[in-house]
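Engineer: Take this structure, written in structure tokens, and hold onto it; I'll ask about it next.
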Amino acid sequence: MIPVRDYRVNQRIRSKEIRLIGETGEQLGIVDVSKALELAKNEHLDLVEVSPNEDPPVCRLMDYGRFRFLQAKKDRESRKFQKTNEVREIRFRPRIGDHDRDSKMRRVRQLLGEGNKVKLTVMFRGREMTHPELGITLLRNVAEGLKEDAKLETTPSMEGRQLHVVLAPIPKRISETDKVDEQEEGIIA
């Protein structure tokens, strides 16, 4: 279950006096807690402390179970429309073959098409560290090959024995021919 903010309810309220709000939102004034609990019990509702930092604390008469259900439902709905951007990683070696590089570039293009950012990493081993320019050249060639699909988000940087750069997808624009096709489909349909 989705965690909902913990509220003090009924007997867990510690104050002696509270500012009470009715079920429909009307102000009932400053009341003794015992009187408010009795009022809540008579109406088959819960007394919920909604603003504990006020003086006196603000409490409301409500059905706490229903309130928690609605809060969880609202949280689920808001989470549906959140887009999480994943950063996917593709690793290269400085002495990678042309065909292997092209194959990895196709995979990068596919990931960018899905809307993911892609981190290109060149891993160096042993004496390869003495020639970081090979890795920079490789990353530059890959970025040049993908310039229609991606933009460079970070410049090449070394972290230990790895050289990396991050590419972000370029949003696709609707071309004029696509607009004309959509209009014709609208006329036909």
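By convention here, the chains of the structure tokens are called A, B, ... in the order presented, each chain's residues are numbered starting at 1, and ligands are numbered starting at 1 in the order presented.
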Which residues are near A:Phe92? Cut-off 12 Å, only C-alpha atoms, ignore same chain within fewer than 4 positions. Put them as a list of chain:residue names.
Structural biologist: A:Ile96, A:Gly97, A:Asp98, A:Asp100, A:Arg101, A:Asp102, A:Ser103, A:Lys104, A:Met105, A:Val108, A:Lys119, A:Leu120, A:Thr121, A:Val122, A:Met123, A:Phe124, A:Arg125, A:Leu134, A:Gly135, A:Ile136, A:Leu138, A:Leu139, A:Val142, A:Gln162, A:Leu163, A:His164, A:Val165
Engineer: Restrict the selected residues to N, CA and C atoms and save them as a tab-separated table (two decimals), in the first residue's frame.
Structural biologist:
chain	number	residue	atom	x	y	z
A	96	ILE	N	37.68	-0.94	-30.59
A	96	ILE	CA	36.50	-1.65	-31.07
A	96	ILE	C	36.50	-1.68	-32.59
A	97	GLY	N	36.00	-2.77	-33.15
A	97	GLY	CA	35.93	-2.90	-34.61
A	97	GLY	C	34.80	-2.05	-35.19
A	98	ASP	N	34.90	-1.76	-36.48
A	98	ASP	CA	33.90	-0.90	-37.13
A	98	ASP	C	32.50	-1.50	-37.06
A	100	ASP	N	31.30	-3.69	-34.93
A	100	ASP	CA	30.80	-3.68	-33.55
A	100	ASP	C	30.35	-2.27	-33.15
A	101	ARG	N	31.11	-1.27	-33.56
A	101	ARG	CA	30.74	0.11	-33.27
A	101	ARG	C	29.40	0.46	-33.92
A	102	ASP	N	29.23	0.06	-35.19
A	102	ASP	CA	27.98	0.33	-35.89
A	102	ASP	C	26.80	-0.38	-35.22
A	103	SER	N	27.04	-1.60	-34.77
A	103	SER	CA	25.99	-2.35	-34.08
A	103	SER	C	25.57	-1.65	-32.79
A	104	LYS	N	26.54	-1.16	-32.05
A	104	LYS	CA	26.24	-0.45	-30.80
A	104	LYS	C	25.57	0.89	-31.09
A	105	MET	N	25.93	1.53	-32.19
A	105	MET	CA	25.28	2.79	-32.56
A	105	MET	C	23.81	2.57	-32.90
A	108	VAL	N	22.09	2.36	-29.61
A	108	VAL	CA	21.98	3.71	-29.03
A	108	VAL	C	20.84	4.45	-29.70
A	119	LYS	N	24.26	7.00	-21.88
A	119	LYS	CA	25.62	7.30	-21.42
A	119	LYS	C	26.57	6.40	-22.20
A	120	LEU	N	27.43	7.01	-22.99
A	120	LEU	CA	28.42	6.26	-23.76
A	120	LEU	C	29.70	6.21	-22.94
A	121	THR	N	30.20	5.01	-22.69
A	121	THR	CA	31.38	4.84	-21.85
A	121	THR	C	32.46	4.10	-22.62
A	122	VAL	N	33.67	4.63	-22.59
A	122	VAL	CA	34.83	3.94	-23.16
A	122	VAL	C	35.66	3.45	-21.97
A	123	MET	N	35.86	2.14	-21.92
A	123	MET	CA	36.61	1.54	-20.81
A	123	MET	C	38.05	1.26	-21.27
A	124	PHE	N	38.99	1.73	-20.46
A	124	PHE	CA	40.40	1.54	-20.76
A	124	PHE	C	40.97	0.47	-19.83
A	125	ARG	N	41.87	-0.35	-20.38
A	125	ARG	CA	42.57	-1.35	-19.57
A	125	ARG	C	44.07	-1.22	-19.80
A	134	LEU	N	42.29	8.16	-28.12
A	134	LEU	CA	41.57	7.14	-28.89
A	134	LEU	C	40.10	7.09	-28.45
A	135	GLY	N	39.87	7.17	-27.15
A	135	GLY	CA	38.51	7.16	-26.63
A	135	GLY	C	37.74	8.40	-27.01
A	136	ILE	N	38.41	9.55	-26.95
A	136	ILE	CA	37.76	10.81	-27.32
A	136	ILE	C	37.38	10.79	-28.80
A	138	LEU	N	36.80	8.11	-30.61
A	138	LEU	CA	35.70	7.16	-30.76
A	138	LEU	C	34.36	7.81	-30.37
A	139	LEU	N	34.32	8.49	-29.22
A	139	LEU	CA	33.08	9.14	-28.78
A	139	LEU	C	32.66	10.24	-29.74
A	142	VAL	N	31.05	8.57	-32.79
A	142	VAL	CA	29.72	8.05	-32.46
A	142	VAL	C	28.74	9.21	-32.36
A	162	GLN	N	37.58	5.20	-16.99
A	162	GLN	CA	36.46	5.28	-17.93
A	162	GLN	C	36.28	6.70	-18.43
A	163	LEU	N	36.03	6.81	-19.71
A	163	LEU	CA	35.73	8.09	-20.34
A	163	LEU	C	34.27	8.02	-20.76
A	164	HIS	N	33.48	9.02	-20.37
A	164	HIS	CA	32.06	8.92	-20.72
A	164	HIS	C	31.50	10.26	-21.16
A	165	VAL	N	30.36	10.15	-21.88
A	165	VAL	CA	29.61	11.29	-22.36
A	165	VAL	C	28.14	10.88	-22.33
Engineer: Enumerate, as a ChimeraX atom specification, the complete set of residues in stretch 27-122 of chain A that a backbone-based DSSP assignment places in alpha helix (DSSP H).
Structural biologist: /A:33-42,64-80,98-113
Engineer: Write out the residues from the selection above, keeping N, CA and C atoms, as a short mmCIF file (atom, residue, chain, number, x, y, z; two decimals), in the first residue's frame.
Structural biologist:
data_model
loop_
_atom_site.label_atom_id
_atom_site.label_comp_id
_atom_site.auth_asym_id
_atom_site.auth_seq_id
_atom_site.Cartn_x
_atom_site.Cartn_y
_atom_site.Cartn_z
N VAL A 33 -11.01 18.65 23.77
CA VAL A 33 -10.81 17.41 23.00
C VAL A 33 -11.85 16.36 23.36
N SER A 34 -12.16 16.22 24.64
CA SER A 34 -13.13 15.20 25.05
C SER A 34 -14.50 15.49 24.42
N LYS A 35 -14.89 16.76 24.37
CA LYS A 35 -16.16 17.13 23.75
C LYS A 35 -16.13 16.83 22.25
N ALA A 36 -15.00 17.11 21.58
CA ALA A 36 -14.87 16.85 20.15
C ALA A 36 -14.90 15.35 19.86
N LEU A 37 -14.27 14.54 20.71
CA LEU A 37 -14.29 13.09 20.54
C LEU A 37 -15.71 12.55 20.70
N GLU A 38 -16.44 13.11 21.65
CA GLU A 38 -17.82 12.69 21.87
C GLU A 38 -18.68 13.05 20.66
N LEU A 39 -18.47 14.25 20.11
CA LEU A 39 -19.20 14.69 18.93
C LEU A 39 -18.89 13.78 17.72
N ALA A 40 -17.63 13.42 17.57
CA ALA A 40 -17.22 12.53 16.47
C ALA A 40 -17.86 11.16 16.63
N LYS A 41 -17.89 10.66 17.85
CA LYS A 41 -18.47 9.33 18.11
C LYS A 41 -19.96 9.34 17.79
N ASN A 42 -20.65 10.40 18.16
CA ASN A 42 -22.10 10.49 17.91
C ASN A 42 -22.41 10.54 16.41
N TYR A 64 -11.96 8.74 8.49
CA TYR A 64 -10.52 8.63 8.26
C TYR A 64 -10.18 7.53 7.25
N GLY A 65 -10.87 6.42 7.29
CA GLY A 65 -10.61 5.32 6.35
C GLY A 65 -10.86 5.76 4.91
N ARG A 66 -11.96 6.46 4.69
CA ARG A 66 -12.29 6.96 3.36
C ARG A 66 -11.26 8.01 2.91
N PHE A 67 -10.85 8.86 3.85
CA PHE A 67 -9.85 9.89 3.56
C PHE A 67 -8.53 9.26 3.11
N ARG A 68 -8.08 8.22 3.82
CA ARG A 68 -6.83 7.55 3.44
C ARG A 68 -6.95 6.89 2.07
N PHE A 69 -8.10 6.29 1.81
CA PHE A 69 -8.33 5.65 0.51
C PHE A 69 -8.25 6.68 -0.62
N LEU A 70 -8.89 7.82 -0.44
CA LEU A 70 -8.88 8.86 -1.48
C LEU A 70 -7.49 9.44 -1.68
N GLN A 71 -6.73 9.60 -0.58
CA GLN A 71 -5.35 10.11 -0.69
C GLN A 71 -4.48 9.13 -1.48
N ALA A 72 -4.60 7.83 -1.18
CA ALA A 72 -3.81 6.82 -1.88
C ALA A 72 -4.19 6.79 -3.36
N LYS A 73 -5.48 6.93 -3.65
CA LYS A 73 -5.95 6.93 -5.04
C LYS A 73 -5.39 8.13 -5.79
N LYS A 74 -5.40 9.29 -5.14
CA LYS A 74 -4.87 10.51 -5.76
C LYS A 74 -3.37 10.36 -6.03
N ASP A 75 -2.64 9.77 -5.09
CA ASP A 75 -1.20 9.55 -5.27
C ASP A 75 -0.93 8.62 -6.45
N ARG A 76 -1.73 7.55 -6.56
CA ARG A 76 -1.55 6.62 -7.68
C ARG A 76 -1.81 7.32 -9.01
N GLU A 77 -2.86 8.12 -9.06
CA GLU A 77 -3.19 8.84 -10.29
C GLU A 77 -2.08 9.80 -10.70
N SER A 78 -1.53 10.53 -9.73
CA SER A 78 -0.47 11.48 -10.06
C SER A 78 0.80 10.76 -10.50
N ARG A 79 1.04 9.57 -9.97
CA ARG A 79 2.23 8.81 -10.34
C ARG A 79 2.12 8.25 -11.75
N LYS A 80 0.90 8.03 -12.24
CA LYS A 80 0.71 7.49 -13.58
C LYS A 80 1.29 8.40 -14.64
N ASP A 98 34.90 -1.76 -36.48
CA ASP A 98 33.90 -0.90 -37.13
C ASP A 98 32.50 -1.50 -37.06
N HIS A 99 32.39 -2.80 -37.35
CA HIS A 99 31.07 -3.43 -37.34
C HIS A 99 30.48 -3.42 -35.93
N ASP A 100 31.30 -3.69 -34.93
CA ASP A 100 30.80 -3.68 -33.55
C ASP A 100 30.35 -2.27 -33.15
N ARG A 101 31.11 -1.27 -33.56
CA ARG A 101 30.74 0.11 -33.27
C ARG A 101 29.40 0.46 -33.92
N ASP A 102 29.23 0.06 -35.19
CA ASP A 102 27.98 0.33 -35.89
C ASP A 102 26.80 -0.38 -35.22
N SER A 103 27.04 -1.60 -34.77
CA SER A 103 25.99 -2.35 -34.08
C SER A 103 25.57 -1.65 -32.79
N LYS A 104 26.54 -1.16 -32.05
CA LYS A 104 26.24 -0.45 -30.80
C LYS A 104 25.57 0.89 -31.09
N MET A 105 25.93 1.53 -32.19
CA MET A 105 25.28 2.79 -32.56
C MET A 105 23.81 2.57 -32.90
N ARG A 106 23.49 1.42 -33.54
CA ARG A 106 22.08 1.10 -33.81
C ARG A 106 21.32 0.94 -32.49
N ARG A 107 21.94 0.30 -31.52
CA ARG A 107 21.31 0.12 -30.21
C ARG A 107 21.11 1.47 -29.52
N VAL A 108 22.09 2.36 -29.61
CA VAL A 108 21.98 3.71 -29.03
C VAL A 108 20.84 4.45 -29.70
N ARG A 109 20.74 4.36 -31.02
CA ARG A 109 19.67 5.03 -31.76
C ARG A 109 18.29 4.50 -31.30
N GLN A 110 18.20 3.20 -31.07
CA GLN A 110 16.96 2.60 -30.60
C GLN A 110 16.59 3.13 -29.20
N LEU A 111 17.57 3.19 -28.30
CA LEU A 111 17.32 3.69 -26.95
C LEU A 111 16.90 5.16 -26.97
N LEU A 112 17.55 5.94 -27.83
CA LEU A 112 17.18 7.36 -27.95
C LEU A 112 15.76 7.50 -28.50
N GLY A 113 15.38 6.62 -29.43
CA GLY A 113 14.04 6.64 -29.98
C GLY A 113 12.97 6.35 -28.93
#
Engineer: Choose the residue, out of A:Arg12, A:Arg19, A:His131, A:Lys117, that has the smallest atom-to-atom separation from A:Arg161; count only C-alpha atoms.
Structural biologist: A:His131
Engineer: Leaving out A:Arg60 and any residue of its chain fewer than 2 positions from it, which residues lie within 9 Å of it when counting only C-alpha atoms, given as a PyMOL selection string?
Structural biologist: chain A and resi 19-23+25+46-50+58+62
Engineer: Store the residues of this selection in a file with N, CA and C atoms, as a PDB file, in the first residue's frame.
Structural biologist:
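Printed below is selection.pdb as written:
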ATOM      1  N   ARG A  19      -8.988  23.538  17.644  1.00  0.00           N
ATOM      2  CA  ARG A  19      -9.896  24.285  16.771  1.00  0.00           C
ATOM      3  C   ARG A  19     -10.567  23.238  15.908  1.00  0.00           C
ATOM      4  N   LEU A  20     -11.889  23.136  15.967  1.00  0.00           N
ATOM      5  CA  LEU A  20     -12.632  22.060  15.325  1.00  0.00           C
ATOM      6  C   LEU A  20     -13.284  22.537  14.031  1.00  0.00           C
ATOM      7  N   ILE A  21     -13.155  21.716  12.992  1.00  0.00           N
ATOM      8  CA  ILE A  21     -13.794  21.961  11.699  1.00  0.00           C
ATOM      9  C   ILE A  21     -14.741  20.797  11.455  1.00  0.00           C
ATOM     10  N   GLY A  22     -15.966  21.100  11.050  1.00  0.00           N
ATOM     11  CA  GLY A  22     -16.969  20.072  10.814  1.00  0.00           C
ATOM     12  C   GLY A  22     -16.702  19.275   9.558  1.00  0.00           C
ATOM     13  N   GLU A  23     -17.556  18.286   9.293  1.00  0.00           N
ATOM     14  CA  GLU A  23     -17.384  17.402   8.144  1.00  0.00           C
ATOM     15  C   GLU A  23     -17.527  18.150   6.823  1.00  0.00           C
ATOM     16  N   GLY A  25     -16.823  21.354   6.418  1.00  0.00           N
ATOM     17  CA  GLY A  25     -15.855  22.440   6.356  1.00  0.00           C
ATOM     18  C   GLY A  25     -16.225  23.655   7.193  1.00  0.00           C
ATOM     19  N   ASP A  46     -14.408  10.221  12.614  1.00  0.00           N
ATOM     20  CA  ASP A  46     -13.150  10.263  13.343  1.00  0.00           C
ATOM     21  C   ASP A  46     -12.740  11.712  13.529  1.00  0.00           C
ATOM     22  N   LEU A  47     -12.009  11.960  14.597  1.00  0.00           N
ATOM     23  CA  LEU A  47     -11.431  13.275  14.849  1.00  0.00           C
ATOM     24  C   LEU A  47      -9.978  13.194  14.382  1.00  0.00           C
ATOM     25  N   VAL A  48      -9.635  13.985  13.365  1.00  0.00           N
ATOM     26  CA  VAL A  48      -8.307  13.906  12.745  1.00  0.00           C
ATOM     27  C   VAL A  48      -7.602  15.239  12.906  1.00  0.00           C
ATOM     28  N   GLU A  49      -6.378  15.199  13.430  1.00  0.00           N
ATOM     29  CA  GLU A  49      -5.567  16.408  13.605  1.00  0.00           C
ATOM     30  C   GLU A  49      -4.900  16.722  12.267  1.00  0.00           C
ATOM     31  N   VAL A  50      -5.387  17.762  11.582  1.00  0.00           N
ATOM     32  CA  VAL A  50      -4.875  18.078  10.241  1.00  0.00           C
ATOM     33  C   VAL A  50      -3.735  19.089  10.263  1.00  0.00           C
ATOM     34  N   VAL A  58      -5.435  22.308  14.761  1.00  0.00           N
ATOM     35  CA  VAL A  58      -6.680  22.239  13.994  1.00  0.00           C
ATOM     36  C   VAL A  58      -7.035  20.778  13.762  1.00  0.00           C
ATOM     37  N   MET A  62     -14.088  13.684  10.183  1.00  0.00           N
ATOM     38  CA  MET A  62     -14.137  13.033   8.878  1.00  0.00           C
ATOM     39  C   MET A  62     -14.077  11.527   9.040  1.00  0.00           C
TER      40      MET A  62
END
